[in-house]
file data.pdb (PDB, C-alpha atoms and all ligand atoms)
MODEL        1
ATOM      1  CA  MET V 127     -12.160   2.434 -18.652
ATOM      2  CA  ILE V 128     -12.703   6.145 -19.182
ATOM      3  CA  GLN V 129     -11.938   8.346 -16.227
ATOM      4  CA  THR V 130     -15.006   9.865 -14.533
ATOM      5  CA  PRO V 131     -15.107  13.444 -13.150
ATOM      6  CA  GLU V 132     -15.067  11.924  -9.663
ATOM      7  CA  MET V 133     -11.787  10.175 -10.488
ATOM      8  CA  ASP V 134     -10.447  13.539 -11.685
ATOM      9  CA  ARG V 135     -11.243  15.014  -8.277
ATOM     10  CA  ILE V 136      -9.574  12.099  -6.492
ATOM     11  CA  GLN V 137      -6.528  12.379  -8.744
ATOM     12  CA  HIS V 138      -6.294  16.033  -7.727
ATOM     13  CA  GLU V 139      -6.267  15.019  -4.033
ATOM     14  CA  MET V 140      -3.290  12.793  -4.847
ATOM     15  CA  GLN V 141      -1.114  15.623  -6.134
ATOM     16  CA  PRO V 142       1.932  16.673  -4.062
ATOM     17  CA  GLY V 143       1.094  19.073  -1.251
ATOM     18  CA  VAL V 144      -2.640  18.298  -1.030
ATOM     19  CA  ILE V 145      -2.773  15.440   1.515
ATOM     20  CA  THR V 146       0.900  14.545   1.753
ATOM     21  CA  GLN V 147       3.954  16.507   0.745
ATOM     22  CA  ASP V 148       5.002  14.004  -1.913
ATOM     23  CA  GLY V 149       1.554  12.967  -3.063
ATOM     24  CA  PHE V 150       0.612   9.481  -4.231
ATOM     25  CA  LEU V 151       1.371   9.492  -7.938
ATOM     26  CA  GLY V 152       5.147   9.893  -8.138
ATOM     27  CA  THR V 153       6.218  10.483 -11.719
ATOM     28  CA  ASP V 154       3.248   8.606 -13.167
ATOM     29  CA  HIS V 155       1.505  10.532 -15.924
ATOM     30  CA  ARG V 156      -1.271   8.035 -16.547
ATOM     31  CA  SER V 157      -4.815   8.769 -15.466
ATOM     32  CA  LEU V 158      -5.827   7.354 -12.102
ATOM     33  CA  GLN V 159      -8.257   5.032 -13.868
ATOM     34  CA  GLU V 160      -5.457   3.622 -16.016
ATOM     35  CA  ILE V 161      -3.269   3.056 -12.953
ATOM     36  CA  LEU V 162      -6.121   1.215 -11.202
ATOM     37  CA  ASP V 163      -7.005  -0.874 -14.275
ATOM     38  CA  HIS V 164      -3.393  -1.902 -14.818
ATOM     39  CA  ASP V 165      -2.787  -3.057 -11.222
ATOM     40  CA  ASP V 166      -6.183  -4.735 -11.117
ATOM     41  CA  ALA V 167      -5.258  -6.768 -14.208
ATOM     42  CA  THR V 168      -1.977  -7.802 -12.552
ATOM     43  CA  VAL V 169      -3.744  -8.975  -9.389
ATOM     44  CA  ARG V 170      -6.278 -10.962 -11.425
ATOM     45  CA  ARG V 171      -3.467 -12.570 -13.416
ATOM     46  CA  LEU V 172      -1.895 -13.655 -10.107
ATOM     47  CA  ASN V 173      -5.228 -15.269  -9.182
ATOM     48  CA  LEU V 174      -5.497 -13.036  -6.150
ATOM     49  CA  THR V 175      -7.697 -10.235  -4.848
ATOM     50  CA  HIS V 176      -6.798  -6.847  -3.405
ATOM     51  CA  LYS V 177      -8.521  -7.914  -0.185
ATOM     52  CA  ALA V 178      -6.337 -11.019   0.152
ATOM     53  CA  ILE V 179      -3.170  -8.943  -0.320
ATOM     54  CA  ALA V 180      -4.382  -6.344   2.210
ATOM     55  CA  ALA V 181      -5.281  -9.095   4.701
ATOM     56  CA  ARG V 182      -1.717 -10.433   4.518
ATOM     57  CA  MET V 183      -0.331  -6.902   5.031
ATOM     58  CA  CYS V 184      -2.518  -6.550   8.148
ATOM     59  CA  GLU V 185      -1.529  -9.946   9.485
ATOM     60  CA  LEU V 186       2.201  -9.204   9.224
ATOM     61  CA  ARG V 187       1.749  -5.687  10.636
ATOM     62  CA  ASP V 188      -0.088  -7.154  13.637
ATOM     63  CA  GLU V 189       2.746  -9.635  14.208
ATOM     64  CA  GLY V 190       5.318  -6.852  13.849
ATOM     65  CA  GLU V 191       3.501  -4.630  16.333
ATOM     66  CA  LYS V 192       4.384  -7.100  19.079
ATOM     67  CA  GLY V 193       7.953  -5.750  18.782
ATOM     68  CA  LEU V 194       6.768  -2.397  20.202
ATOM     69  CA  GLY V 195       8.868  -0.353  17.793
ATOM     70  CA  GLU V 196      11.831  -2.765  17.684
ATOM     71  CA  THR V 197      12.568  -5.186  14.868
ATOM     72  CA  ILE V 198      11.308  -8.682  15.606
ATOM     73  CA  SER V 199      11.575 -11.981  13.796
ATOM     74  CA  VAL V 200       8.294 -13.376  12.561
ATOM     75  CA  PRO V 201       8.167 -16.951  11.249
ATOM     76  CA  PRO V 202       8.904 -18.313   8.764
ATOM     77  CA  ASN V 203      11.408 -15.698   7.520
ATOM     78  CA  PHE V 204      10.474 -12.104   8.199
ATOM     79  CA  ASP V 205      12.081  -9.278  10.172
ATOM     80  CA  ILE V 206       9.418  -6.671  10.894
ATOM     81  CA  ARG V 207       9.418  -3.300  12.599
ATOM     82  CA  VAL V 208       6.289  -1.229  13.099
ATOM     83  CA  ASP V 209       6.717   2.466  13.846
ATOM     84  CA  SER V 210       3.896   4.627  14.985
ATOM     85  CA  VAL V 211       4.164   8.203  13.754
ATOM     86  CA  ARG V 212       2.088  10.960  15.330
ATOM     87  CA  GLY V 213      -0.884  12.037  13.310
ATOM     88  CA  LYS V 214      -3.484  10.733  10.919
ATOM     89  CA  LEU V 215      -4.058  10.902   7.194
ATOM     90  CA  PRO V 216      -7.276  11.098   5.194
ATOM     91  CA  CYS V 217      -7.762   8.671   2.334
ATOM     92  CA  PRO V 218      -7.562  10.546  -1.001
ATOM     93  CA  PHE V 219     -10.571   8.610  -2.344
ATOM     94  CA  LEU V 220     -12.959  11.088  -0.701
ATOM     95  CA  GLY V 221     -14.782   8.472   1.390
ATOM     96  CA  GLY V 222     -14.082  10.291   4.646
ATOM     97  CA  THR V 223     -11.798   7.532   5.919
ATOM     98  CA  ILE V 224      -9.026   8.692   8.223
ATOM     99  CA  VAL V 225      -6.146   6.349   8.958
ATOM    100  CA  GLN V 226      -3.527   6.365  11.702
ATOM    101  CA  LYS V 227       0.070   6.882  10.602
ATOM    102  CA  LEU V 228       1.691   3.523  11.120
ATOM    103  CA  ASN V 229       4.712   2.353   9.101
ATOM    104  CA  THR V 230       5.507  -1.324   8.696
ATOM    105  CA  SER V 231       9.050  -2.105   7.514
ATOM    106  CA  LEU V 232       9.426  -5.689   6.537
ATOM    107  CA  ARG V 233      12.394  -7.704   5.340
ATOM    108  CA  ASN V 234      11.988 -11.110   3.810
ATOM    109  CA  THR V 235      15.254 -12.735   4.925
ATOM    110  CA  ARG V 236      14.885 -15.665   2.514
ATOM    111  CA  LEU V 237      14.669 -13.349  -0.491
ATOM    112  CA  GLY V 238      16.771 -10.513   0.927
ATOM    113  CA  ARG V 239      14.104  -8.041  -0.133
ATOM    114  CA  GLU V 240      12.366  -5.292   1.789
ATOM    115  CA  VAL V 241       9.169  -3.348   1.655
ATOM    116  CA  THR V 242       7.731  -0.503   3.737
ATOM    117  CA  TYR V 243       4.034   0.243   3.849
ATOM    118  CA  THR V 244       1.654   2.394   5.828
ATOM    119  CA  ASP V 245      -1.816   1.723   7.173
ATOM    120  CA  LEU V 246      -3.073   4.065   4.482
ATOM    121  CA  ASN V 247      -1.508   1.759   1.867
ATOM    122  CA  ILE V 248      -3.365  -1.170   3.401
ATOM    123  CA  HIS V 249      -6.657   0.745   3.308
ATOM    124  CA  MET V 250      -6.158   1.963  -0.263
ATOM    125  CA  ILE V 251      -5.325  -1.542  -1.496
ATOM    126  CA  GLU V 252      -8.176  -3.181   0.393
ATOM    127  CA  GLU V 253     -10.890  -0.691  -0.520
ATOM    128  CA  HIS V 254      -9.704   0.872  -3.767
ATOM    129  CA  GLY V 255      -7.141  -1.495  -5.328
ATOM    130  CA  PHE V 256      -4.668   1.404  -5.377
ATOM    131  CA  TYR V 257      -0.922   0.722  -5.084
ATOM    132  CA  GLU V 258       0.209   4.315  -5.882
ATOM    133  CA  GLY V 259       1.769   5.628  -9.087
ATOM    134  CA  TYR V 260       5.150   4.786 -10.618
ATOM    135  CA  GLY V 261       7.961   6.581  -8.812
ATOM    136  CA  SER V 262       5.907   7.261  -5.696
ATOM    137  CA  LEU V 263       7.709   6.787  -2.379
ATOM    138  CA  PHE V 264       5.315   4.047  -1.221
ATOM    139  CA  ARG V 265       4.532   2.556  -4.636
ATOM    140  CA  MET V 266       4.397  -1.227  -4.393
ATOM    141  CA  ALA V 267       3.954  -3.260  -7.511
ATOM    142  CA  PRO V 268       1.377  -5.926  -6.609
ATOM    143  CA  GLU V 269       3.533  -8.739  -8.013
ATOM    144  CA  GLU V 270       6.457  -7.677  -5.771
ATOM    145  CA  LEU V 271       4.229  -7.326  -2.739
ATOM    146  CA  VAL V 272       2.858 -10.821  -3.302
ATOM    147  CA  GLU V 273       6.384 -12.255  -3.487
ATOM    148  CA  ILE V 274       7.896 -10.394  -0.557
ATOM    149  CA  LEU V 275       4.929 -10.960   1.777
ATOM    150  CA  GLU V 276       4.531 -14.539   0.531
ATOM    151  CA  VAL V 277       0.808 -14.127  -0.033
ATOM    152  CA  GLU V 278      -0.802 -17.541  -0.372
ATOM    153  CA  ARG V 279      -2.749 -18.241  -3.534
TER     154      ARG V 279
HETATM  155 ZN    ZN D   1     -10.565   5.164   1.153
ENDMDL
END
call {"tool": "encode", "arguments": {"input": "data.pdb", "output": "structure tokens"}}
result
Amino acid sequence: MIQTPEMDRIQHEMQPGVITQDGFLGTDHRSLQEILDHDDATVRRLNLTHKAIAARMCELRDEGEKGLGETISVPPNFDIRVDSVRGKLPCPFLGGTIVQKLNTSLRNTRLGREVTYTDLNIHMIEEHGFYEGYGSLFRMAPEELVEILEVER
């Protein structure tokens, strides 16, 4: 799909130093539309939806929050810690959404693999199908996220 002027504006919001110090695009030089199309194709190929992935992220965050900042074991094989950081962040997609800064660090002990995501990641995946650009600090390839979080298909 060709990138619209609105997408250009959103892509500008994602640059380093606009909303967050590091921005959302990492070292990715593709257009935002290309990034979205590529991850959307991956999720379709996995027979999943962005909403289903985001729902699983929420579910595991909610379980992890019961640890009140300490790591807790969540069945069947997760260690999860949820850290609340002071402050809030606006979504770069210009919808006026503001999200609390909450970091979920999750280790899948069966796979020995870890992932860290924020509430803003959950929102951007759920509403915009955005997983961040290549090389971004919080970039999560959808196929990895699906494996590590054991998203049911
Ligand atoms: Zn948004």
call {"tool": "residues_around", "arguments": {"input": "data.pdb", "residues": "His138 (chain V)", "least_positions_apart": "4", "cutoff": "10 Å", "atoms": "only C-alpha atoms", "output": "short mmCIF file (atom, residue, chain, number, x, y, z; two decimals) with C-alpha atoms, in the coordinates of the input"}}
result
data_model
loop_
_atom_site.label_atom_id
_atom_site.label_comp_id
_atom_site.auth_asym_id
_atom_site.auth_seq_id
_atom_site.Cartn_x
_atom_site.Cartn_y
_atom_site.Cartn_z
CA GLU V 132 -15.07 11.92 -9.66
CA MET V 133 -11.79 10.18 -10.49
CA ASP V 134 -10.45 13.54 -11.68
CA PRO V 142 1.93 16.67 -4.06
CA VAL V 144 -2.64 18.30 -1.03
CA ILE V 145 -2.77 15.44 1.52
CA GLY V 149 1.55 12.97 -3.06
CA LEU V 158 -5.83 7.35 -12.10
CA PRO V 218 -7.56 10.55 -1.00
#
call {"tool": "closest_atom_pairs", "arguments": {"input": "data.pdb", "of": "chain V", "to": "ligand ZN 1 (chain D)", "cutoff": "12 Å", "atoms": "all atoms listed in the file", "output": "tab-separated table"}}
result
residue	atom	partner	partner_atom	distance
V:Ile136	CA	D:ZN1	ZN	10.4
V:Glu139	CA	D:ZN1	ZN	11.9
V:Leu215	CA	D:ZN1	ZN	10.6
V:Pro216	CA	D:ZN1	ZN	7.9
V:Cys217	CA	D:ZN1	ZN	4.6
V:Pro218	CA	D:ZN1	ZN	6.5
V:Phe219	CA	D:ZN1	ZN	4.9
V:Leu220	CA	D:ZN1	ZN	6.7
V:Gly221	CA	D:ZN1	ZN	5.4
V:Gly222	CA	D:ZN1	ZN	7.1
V:Thr223	CA	D:ZN1	ZN	5.5
V:Ile224	CA	D:ZN1	ZN	8.0
V:Val225	CA	D:ZN1	ZN	9.0
V:Asp245	CA	D:ZN1	ZN	11.2
V:Leu246	CA	D:ZN1	ZN	8.3
V:Asn247	CA	D:ZN1	ZN	9.7
V:Ile248	CA	D:ZN1	ZN	9.8
V:His249	CA	D:ZN1	ZN	6.3
V:Met250	CA	D:ZN1	ZN	5.6
V:Ile251	CA	D:ZN1	ZN	8.9
V:Glu252	CA	D:ZN1	ZN	8.7
V:Glu253	CA	D:ZN1	ZN	6.1
V:His254	CA	D:ZN1	ZN	6.6
V:Gly255	CA	D:ZN1	ZN	9.9
V:Phe256	CA	D:ZN1	ZN	9.6
call {"tool": "resolve_selection", "arguments": {"input": "data.pdb", "expression": "the PyMOL selection byres (((chain V and resi 187) around 10) and not hetatm)", "output": "CSV table (one decimal) with C-alpha atoms, keeping the file's coordinate frame"}}
result
chain,number,residue,atom,x,y,z
V,181,ALA,CA,-5.3,-9.1,4.7
V,182,ARG,CA,-1.7,-10.4,4.5
V,183,MET,CA,-0.3,-6.9,5.0
V,184,CYS,CA,-2.5,-6.6,8.1
V,185,GLU,CA,-1.5,-9.9,9.5
V,186,LEU,CA,2.2,-9.2,9.2
V,188,ASP,CA,-0.1,-7.2,13.6
V,189,GLU,CA,2.7,-9.6,14.2
V,190,GLY,CA,5.3,-6.9,13.8
V,191,GLU,CA,3.5,-4.6,16.3
V,192,LYS,CA,4.4,-7.1,19.1
V,206,ILE,CA,9.4,-6.7,10.9
V,207,ARG,CA,9.4,-3.3,12.6
V,208,VAL,CA,6.3,-1.2,13.1
V,228,LEU,CA,1.7,3.5,11.1
V,229,ASN,CA,4.7,2.4,9.1
V,230,THR,CA,5.5,-1.3,8.7
V,231,SER,CA,9.0,-2.1,7.5
V,232,LEU,CA,9.4,-5.7,6.5
V,243,TYR,CA,4.0,0.2,3.8
V,244,THR,CA,1.7,2.4,5.8
V,245,ASP,CA,-1.8,1.7,7.2
V,248,ILE,CA,-3.4,-1.2,3.4
call {"tool": "atom_distance", "arguments": {"input": "data.pdb", "atom1": "CA of Asn234 (chain V)", "atom2": "CA of Arg171 (chain V)"}}
result
23.2 Å
call {"tool": "closest_residue", "arguments": {"input": "data.pdb", "among": "V:Thr175, V:Thr168, V:Ser157, V:Gln141", "to": "Ile128 (chain V)", "atoms": "all atoms listed in the file"}}
result
V:Ser157
call {"tool": "atom_distance", "arguments": {"input": "data.pdb", "atom1": "CA of Gly213 (chain V)", "atom2": "CA of Arg233 (chain V)"}}
result
25.1 Å
call {"tool": "atom_distance", "arguments": {"input": "data.pdb", "atom1": "CA of Asp209 (chain V)", "atom2": "CA of Gly259 (chain V)"}}
result
23.7 Å
call {"tool": "resolve_selection", "arguments": {"input": "data.pdb", "expression": "the PyMOL selection byres (((chain V and resi 173) around 12) and not hetatm)", "output": "PDB file with C-alpha atoms, in the frame of the given file"}}
result
ATOM      1  CA  ASP V 166      -6.183  -4.735 -11.117  1.00  0.00           C
ATOM      2  CA  ALA V 167      -5.258  -6.768 -14.208  1.00  0.00           C
ATOM      3  CA  THR V 168      -1.977  -7.802 -12.552  1.00  0.00           C
ATOM      4  CA  VAL V 169      -3.744  -8.975  -9.389  1.00  0.00           C
ATOM      5  CA  ARG V 170      -6.278 -10.962 -11.425  1.00  0.00           C
ATOM      6  CA  ARG V 171      -3.467 -12.570 -13.416  1.00  0.00           C
ATOM      7  CA  LEU V 172      -1.895 -13.655 -10.107  1.00  0.00           C
ATOM      8  CA  LEU V 174      -5.497 -13.036  -6.150  1.00  0.00           C
ATOM      9  CA  THR V 175      -7.697 -10.235  -4.848  1.00  0.00           C
ATOM     10  CA  HIS V 176      -6.798  -6.847  -3.405  1.00  0.00           C
ATOM     11  CA  ALA V 178      -6.337 -11.019   0.152  1.00  0.00           C
ATOM     12  CA  ILE V 179      -3.170  -8.943  -0.320  1.00  0.00           C
ATOM     13  CA  PRO V 268       1.377  -5.926  -6.609  1.00  0.00           C
ATOM     14  CA  GLU V 269       3.533  -8.739  -8.013  1.00  0.00           C
ATOM     15  CA  VAL V 272       2.858 -10.821  -3.302  1.00  0.00           C
ATOM     16  CA  VAL V 277       0.808 -14.127  -0.033  1.00  0.00           C
ATOM     17  CA  GLU V 278      -0.802 -17.541  -0.372  1.00  0.00           C
ATOM     18  CA  ARG V 279      -2.749 -18.241  -3.534  1.00  0.00           C
TER      19      ARG V 279
END
call {"tool": "closest_residue", "arguments": {"input": "data.pdb", "among": "V:Gln129, V:Gln137, V:Asn203, V:Thr197", "to": "Thr235 (chain V)", "atoms": "all atoms listed in the file"}}
result
V:Asn203
call {"tool": "axis_aligned_box", "arguments": {"input": "data.pdb", "around": "region 268-273 of chain V", "padding_each_side": "3 Å", "output": "AutoDock Vina command-line options"}}
result
--center_x 3.9 --center_y -9.1 --center_z -5.4 --size_x 11.1 --size_y 12.3 --size_z 11.3
call {"tool": "resolve_selection", "arguments": {"input": "data.pdb", "expression": "the PyMOL selection byres (((chain V and resi 236) around 12) and not hetatm)", "output": "ChimeraX atom specification"}}
result
/V:201-205,233-235,237-240,273-276
call {"tool": "closest_residue", "arguments": {"input": "data.pdb", "among": "V:Thr153, V:Gln159, V:Ser199, V:Thr242", "to": "Thr130 (chain V)", "atoms": "all atoms listed in the file"}}
result
V:Gln159
